[in-house]
$ cat run26.pdb   # PDB, C-alpha atoms, pLDDT in the B column
MODEL        1
ATOM      1  CA  MET S   1     177.936 119.251  11.356  1.00 36.00           C
ATOM      2  CA  ALA S   2     178.524 115.523  10.940  1.00 37.00           C
ATOM      3  CA  ILE S   3     175.041 114.747  12.299  1.00 39.00           C
ATOM      4  CA  VAL S   4     173.428 117.203   9.878  1.00 36.00           C
ATOM      5  CA  PHE S   5     175.484 115.795   7.014  1.00 37.00           C
ATOM      6  CA  ARG S   6     174.395 112.234   7.850  1.00 43.00           C
ATOM      7  CA  ALA S   7     170.768 113.368   8.118  1.00 44.00           C
ATOM      8  CA  VAL S   8     170.967 115.060   4.709  1.00 40.00           C
ATOM      9  CA  ALA S   9     172.513 111.932   3.220  1.00 41.00           C
ATOM     10  CA  MET S  10     169.795 109.751   4.722  1.00 47.00           C
ATOM     11  CA  SER S  11     166.983 112.006   3.546  1.00 49.00           C
ATOM     12  CA  VAL S  12     168.335 112.259   0.008  1.00 47.00           C
ATOM     13  CA  ALA S  13     168.886 108.522  -0.090  1.00 49.00           C
ATOM     14  CA  LEU S  14     165.338 107.881   1.109  1.00 47.00           C
ATOM     15  CA  ALA S  15     163.823 110.266  -1.382  1.00 49.00           C
ATOM     16  CA  VAL S  16     166.017 109.354  -4.298  1.00 45.00           C
ATOM     17  CA  ILE S  17     166.343 105.609  -4.099  1.00 37.00           C
ATOM     18  CA  GLY S  18     163.047 104.852  -2.458  1.00 40.00           C
ATOM     19  CA  CYS S  19     163.480 104.053   1.229  1.00 46.00           C
ATOM     20  CA  GLY S  20     167.061 102.961   0.799  1.00 42.00           C
ATOM     21  CA  ALA S  21     166.180  99.969  -1.392  1.00 38.00           C
ATOM     22  CA  ALA S  22     168.475 100.757  -4.296  1.00 39.00           C
ATOM     23  CA  HIS S  23     168.048  97.347  -5.846  1.00 39.00           C
ATOM     24  CA  VAL S  24     164.285  96.910  -5.555  1.00 40.00           C
ATOM     25  CA  PRO S  25     163.211  95.405  -8.872  1.00 43.00           C
ATOM     26  CA  SER S  26     160.899  97.827 -10.680  1.00 46.00           C
ATOM     27  CA  GLY S  27     158.335  95.048 -11.134  1.00 49.00           C
ATOM     28  CA  ASP S  28     158.090  94.463  -7.388  1.00 49.00           C
ATOM     29  CA  VAL S  29     154.902  96.463  -6.866  1.00 49.00           C
ATOM     30  CA  SER S  30     154.447  95.533  -3.222  1.00 51.00           C
ATOM     31  CA  SER S  31     157.915  96.821  -2.315  1.00 53.00           C
ATOM     32  CA  GLU S  32     157.345 100.054  -4.241  1.00 50.00           C
ATOM     33  CA  GLU S  33     153.921 100.576  -2.656  1.00 54.00           C
ATOM     34  CA  THR S  34     155.375  99.929   0.791  1.00 52.00           C
ATOM     35  CA  CYS S  35     158.181 102.368   0.068  1.00 53.00           C
ATOM     36  CA  ALA S  36     155.752 105.060  -1.105  1.00 52.00           C
ATOM     37  CA  LEU S  37     153.687 104.629   2.059  1.00 52.00           C
ATOM     38  CA  GLN S  38     156.802 104.806   4.241  1.00 53.00           C
ATOM     39  CA  THR S  39     157.981 107.939   2.431  1.00 51.00           C
ATOM     40  CA  GLN S  40     154.588 109.604   2.873  1.00 51.00           C
ATOM     41  CA  THR S  41     154.545 108.661   6.548  1.00 47.00           C
ATOM     42  CA  ARG S  42     158.041 110.128   7.017  1.00 48.00           C
ATOM     43  CA  ALA S  43     157.028 113.305   5.220  1.00 47.00           C
ATOM     44  CA  SER S  44     154.027 113.667   7.525  1.00 48.00           C
ATOM     45  CA  ALA S  45     156.105 112.994  10.619  1.00 45.00           C
ATOM     46  CA  VAL S  46     158.887 115.386   9.634  1.00 45.00           C
ATOM     47  CA  HIS S  47     156.530 118.259   8.919  1.00 43.00           C
ATOM     48  CA  ALA S  48     154.084 119.603  11.434  1.00 43.00           C
ATOM     49  CA  HIS S  49     153.199 122.509   9.162  1.00 42.00           C
ATOM     50  CA  THR S  50     149.594 123.613   9.312  1.00 37.00           C
ATOM     51  CA  GLU S  51     149.870 125.269   5.928  1.00 47.00           C
ATOM     52  CA  LYS S  52     150.968 123.171   2.951  1.00 62.00           C
ATOM     53  CA  ASP S  53     153.232 124.644   0.329  1.00 86.00           C
ATOM     54  CA  GLU S  54     155.170 123.338  -2.666  1.00 87.00           C
ATOM     55  CA  CYS S  55     158.080 122.374  -0.399  1.00 94.00           C
ATOM     56  CA  ASP S  56     155.928 119.908   1.550  1.00 93.00           C
ATOM     57  CA  GLY S  57     155.878 117.434  -1.333  1.00 92.00           C
ATOM     58  CA  GLU S  58     156.292 113.701  -0.978  1.00 93.00           C
ATOM     59  CA  PHE S  59     160.024 113.779  -1.710  1.00 92.00           C
ATOM     60  CA  VAL S  60     161.081 117.354  -0.977  1.00 93.00           C
ATOM     61  CA  GLY S  61     159.180 117.375   2.329  1.00 93.00           C
ATOM     62  CA  PRO S  62     161.530 114.942   4.087  1.00 93.00           C
ATOM     63  CA  LEU S  63     164.512 116.708   2.554  1.00 90.00           C
ATOM     64  CA  ARG S  64     163.256 119.999   3.972  1.00 91.00           C
ATOM     65  CA  GLY S  65     163.262 118.419   7.405  1.00 90.00           C
ATOM     66  CA  VAL S  66     167.011 117.762   7.302  1.00 89.00           C
ATOM     67  CA  ALA S  67     168.178 120.532   4.949  1.00 94.00           C
ATOM     68  CA  PRO S  68     165.869 123.433   5.830  1.00 95.00           C
ATOM     69  CA  ASP S  69     168.404 126.120   4.884  1.00 96.00           C
ATOM     70  CA  CYS S  70     168.759 124.704   1.376  1.00 96.00           C
ATOM     71  CA  ILE S  71     165.035 124.336   0.800  1.00 95.00           C
ATOM     72  CA  SER S  72     164.308 127.778   2.260  1.00 95.00           C
ATOM     73  CA  ALA S  73     166.987 129.380   0.088  1.00 96.00           C
ATOM     74  CA  CYS S  74     165.777 127.578  -3.044  1.00 96.00           C
ATOM     75  CA  SER S  75     162.045 127.210  -2.478  1.00 95.00           C
ATOM     76  CA  GLU S  76     161.366 128.056  -6.126  1.00 96.00           C
ATOM     77  CA  CYS S  77     162.708 124.621  -7.087  1.00 95.00           C
ATOM     78  CA  CYS S  78     160.495 122.569  -4.744  1.00 96.00           C
ATOM     79  CA  LYS S  79     157.710 121.583  -7.134  1.00 95.00           C
ATOM     80  CA  THR S  80     160.077 120.751  -9.988  1.00 96.00           C
ATOM     81  CA  LEU S  81     162.427 118.833  -7.694  1.00 94.00           C
ATOM     82  CA  ASP S  82     159.575 116.878  -6.116  1.00 95.00           C
ATOM     83  CA  VAL S  83     158.253 115.816  -9.532  1.00 95.00           C
ATOM     84  CA  ALA S  84     161.752 114.909 -10.761  1.00 95.00           C
ATOM     85  CA  LEU S  85     162.563 112.863  -7.654  1.00 93.00           C
ATOM     86  CA  GLY S  86     159.239 111.045  -7.943  1.00 94.00           C
ATOM     87  CA  LYS S  87     160.009 110.099 -11.525  1.00 95.00           C
ATOM     88  CA  TYR S  88     163.472 108.920 -10.555  1.00 94.00           C
ATOM     89  CA  VAL S  89     162.157 106.753  -7.724  1.00 92.00           C
ATOM     90  CA  LYS S  90     159.757 105.062 -10.146  1.00 94.00           C
ATOM     91  CA  SER S  91     162.175 104.586 -13.033  1.00 92.00           C
ATOM     92  CA  ARG S  92     165.635 104.476 -11.384  1.00 93.00           C
ATOM     93  CA  ASP S  93     166.773 106.351 -14.512  1.00 93.00           C
ATOM     94  CA  PHE S  94     167.791 110.029 -14.515  1.00 93.00           C
ATOM     95  CA  ALA S  95     166.809 110.672 -18.164  1.00 93.00           C
ATOM     96  CA  GLU S  96     163.141 111.492 -17.508  1.00 92.00           C
ATOM     97  CA  PRO S  97     163.697 113.623 -14.385  1.00 95.00           C
ATOM     98  CA  LYS S  98     166.400 115.526 -16.267  1.00 95.00           C
ATOM     99  CA  ILE S  99     163.736 116.632 -18.760  1.00 95.00           C
ATOM    100  CA  ASP S 100     161.831 118.289 -15.887  1.00 95.00           C
ATOM    101  CA  LEU S 101     164.984 119.942 -14.558  1.00 96.00           C
ATOM    102  CA  CYS S 102     165.873 121.182 -18.040  1.00 97.00           C
ATOM    103  CA  ALA S 103     162.390 122.594 -18.566  1.00 96.00           C
ATOM    104  CA  ASN S 104     162.799 124.590 -15.358  1.00 96.00           C
ATOM    105  CA  LEU S 105     166.454 125.629 -15.399  1.00 96.00           C
ATOM    106  CA  GLU S 106     165.909 128.996 -13.731  1.00 96.00           C
ATOM    107  CA  LYS S 107     163.917 127.371 -10.915  1.00 96.00           C
ATOM    108  CA  VAL S 108     166.520 124.683 -10.172  1.00 96.00           C
ATOM    109  CA  LYS S 109     169.612 126.857 -10.656  1.00 97.00           C
ATOM    110  CA  CYS S 110     169.671 127.768  -6.959  1.00 97.00           C
ATOM    111  CA  LEU S 111     169.903 124.108  -5.974  1.00 95.00           C
ATOM    112  CA  PHE S 112     173.222 123.883  -7.815  1.00 96.00           C
ATOM    113  CA  THR S 113     174.597 127.348  -7.041  1.00 96.00           C
ATOM    114  CA  SER S 114     173.613 128.000  -3.415  1.00 97.00           C
ATOM    115  CA  GLU S 115     176.283 127.188  -0.864  1.00 96.00           C
ATOM    116  CA  LYS S 116     173.404 126.094   1.408  1.00 96.00           C
ATOM    117  CA  CYS S 117     172.622 123.215  -0.975  1.00 96.00           C
ATOM    118  CA  LYS S 118     176.159 121.985  -1.562  1.00 95.00           C
ATOM    119  CA  ASP S 119     175.792 118.964   0.753  1.00 94.00           C
ATOM    120  CA  VAL S 120     172.431 118.068  -0.792  1.00 93.00           C
ATOM    121  CA  THR S 121     173.734 117.992  -4.366  1.00 94.00           C
ATOM    122  CA  THR S 122     176.901 116.178  -3.281  1.00 93.00           C
ATOM    123  CA  GLU S 123     174.804 113.451  -1.675  1.00 92.00           C
ATOM    124  CA  ALA S 124     172.435 113.285  -4.663  1.00 91.00           C
ATOM    125  CA  ARG S 125     175.380 112.522  -6.955  1.00 92.00           C
ATOM    126  CA  LYS S 126     176.202 109.502  -4.785  1.00 93.00           C
ATOM    127  CA  TYR S 127     172.755 107.980  -5.335  1.00 90.00           C
ATOM    128  CA  ILE S 128     171.666 109.214  -8.769  1.00 91.00           C
ATOM    129  CA  ASP S 129     173.749 108.016 -11.678  1.00 91.00           C
ATOM    130  CA  GLY S 130     174.133 110.942 -14.053  1.00 92.00           C
ATOM    131  CA  PHE S 131     173.202 113.676 -11.552  1.00 94.00           C
ATOM    132  CA  PRO S 132     175.072 116.812 -12.685  1.00 95.00           C
ATOM    133  CA  LYS S 133     178.139 117.992 -10.780  1.00 94.00           C
ATOM    134  CA  HIS S 134     177.218 121.644 -11.282  1.00 95.00           C
ATOM    135  CA  PHE S 135     174.593 123.824 -12.927  1.00 96.00           C
ATOM    136  CA  GLY S 136     176.689 124.379 -16.058  1.00 96.00           C
ATOM    137  CA  GLN S 137     176.784 120.643 -16.673  1.00 96.00           C
ATOM    138  CA  LEU S 138     173.007 120.349 -16.358  1.00 96.00           C
ATOM    139  CA  GLU S 139     172.521 123.364 -18.594  1.00 96.00           C
ATOM    140  CA  SER S 140     174.867 122.007 -21.259  1.00 96.00           C
ATOM    141  CA  GLU S 141     173.114 118.615 -21.248  1.00 94.00           C
ATOM    142  CA  CYS S 142     169.645 120.102 -21.759  1.00 94.00           C
ATOM    143  CA  PRO S 143     168.294 119.877 -25.297  1.00 85.00           C
ATOM    144  CA  GLY S 144     167.916 123.374 -26.733  1.00 73.00           C
ATOM    145  CA  ALA S 145     169.350 124.979 -23.600  1.00 55.00           C
ATOM    146  CA  SER S 146     171.418 127.358 -25.692  1.00 53.00           C
ATOM    147  CA  ALA S 147     168.187 128.628 -27.243  1.00 45.00           C
ATOM    148  CA  VAL S 148     166.878 129.803 -23.863  1.00 45.00           C
ATOM    149  CA  ARG S 149     170.154 131.263 -22.572  1.00 46.00           C
ATOM    150  CA  PRO S 150     170.697 134.944 -23.286  1.00 44.00           C
ATOM    151  CA  MET S 151     173.631 135.593 -25.582  1.00 39.00           C
ATOM    152  CA  ALA S 152     176.656 137.288 -24.081  1.00 41.00           C
ATOM    153  CA  GLY S 153     176.350 141.013 -24.526  1.00 43.00           C
ATOM    154  CA  ALA S 154     172.695 140.795 -25.552  1.00 42.00           C
ATOM    155  CA  GLY S 155     170.677 143.898 -24.863  1.00 44.00           C
ATOM    156  CA  ARG S 156     173.619 146.290 -25.049  1.00 38.00           C
TER     157      ARG S 156
ENDMDL
END
$ encode --input "run26.pdb" --output "structure tokens"
Amino acid sequence: MAIVFRAVAMSVALAVIGCGAAHVPSGDVSSEETCALQTQTRASAVHAHTEKDECDGEFVGPLRGVAPDCISACSECCKTLDVALGKYVKSRDFAEPKIDLCANLEKVKCLFTSEKCKDVTTEARKYIDGFPKHFGQLESECPGASAVRPMAGAGR
């Protein structure tokens, strides 16, 4: 279990903070380009799939390699998560990726509620300032989220 946990931590760190370089200045284009190339190379090496799907993305692909149970259980979140992680890697700010997560609450809910993803979200909180502790926190921080949530007792 410890080996899997370390692998999940490493994959999330690579995807989230761009090859482990948490303090790469955003203006350092050569470092960011190198990081993107390394991430793509890792994604290709981790996955020997002949058929591409939404879970083979640049950032979710490597995560799938070390947390396959989580990604399999929550495959509906892959595209949204890949886009959000890509935005975070570029900006190092969770505000913009949160907009994507909020726009797709039902798709990302599994990531926060599945026991199979607990280690993944725990590790993400270590590397992403502002990453929600649970789905309810994300939901409550989304603009207009109450407008898309069904009211208690609705439809009775």
$ residues_near_point --input "run26.pdb" --point "(168.4, 109.3, -10.8)" --cutoff "7 Å" --atoms "only C-alpha atoms" --output "VMD selection string"
chain S and resid 16 88 92 to 94 128 to 131
$ write_last_selection --input "run26.pdb" --atoms "C-alpha atoms" --output "CSV table (one decimal), in the coordinates of the input"
chain,number,residue,atom,x,y,z
S,16,VAL,CA,166.0,109.4,-4.3
S,88,TYR,CA,163.5,108.9,-10.6
S,92,ARG,CA,165.6,104.5,-11.4
S,93,ASP,CA,166.8,106.4,-14.5
S,94,PHE,CA,167.8,110.0,-14.5
S,128,ILE,CA,171.7,109.2,-8.8
S,129,ASP,CA,173.7,108.0,-11.7
S,130,GLY,CA,174.1,110.9,-14.1
S,131,PHE,CA,173.2,113.7,-11.6
$ residues_around --input "run26.pdb" --residues "segment 100-115 of chain S" --least-positions-apart "4" --cutoff "10 Å" --atoms "only C-alpha atoms" --output "PyMOL selection string"
chain S and resi 69-71+73-81+83-85+87+95-96+119-122+132-136+138-145+148-149
$ atom_distance --input "run26.pdb" --atom1 "atom CA of Arg64 of chain S" --atom2 "atom CA of Cys117 of chain S"
11.1 Å
$ atom_distance --input "run26.pdb" --atom1 "atom CA of Arg125 of chain S" --atom2 "atom CA of Asp56 of chain S"
22.5 Å
$ atom_distance --input "run26.pdb" --atom1 "atom CA of Ile99 of chain S" --atom2 "atom CA of Val66 of chain S"
26.3 Å
$ closest_residue --input "run26.pdb" --among "S:Gln137, S:Pro68, S:Lys116, S:Leu63" --to "Lys98 of chain S" --atoms "all atoms listed in the file"
S:Gln137
$ closest_residue --input "run26.pdb" --among "S:Ala67, S:Val60, S:Cys55, S:Val89" --to "Lys118 of chain S" --atoms "all atoms listed in the file"
S:Ala67
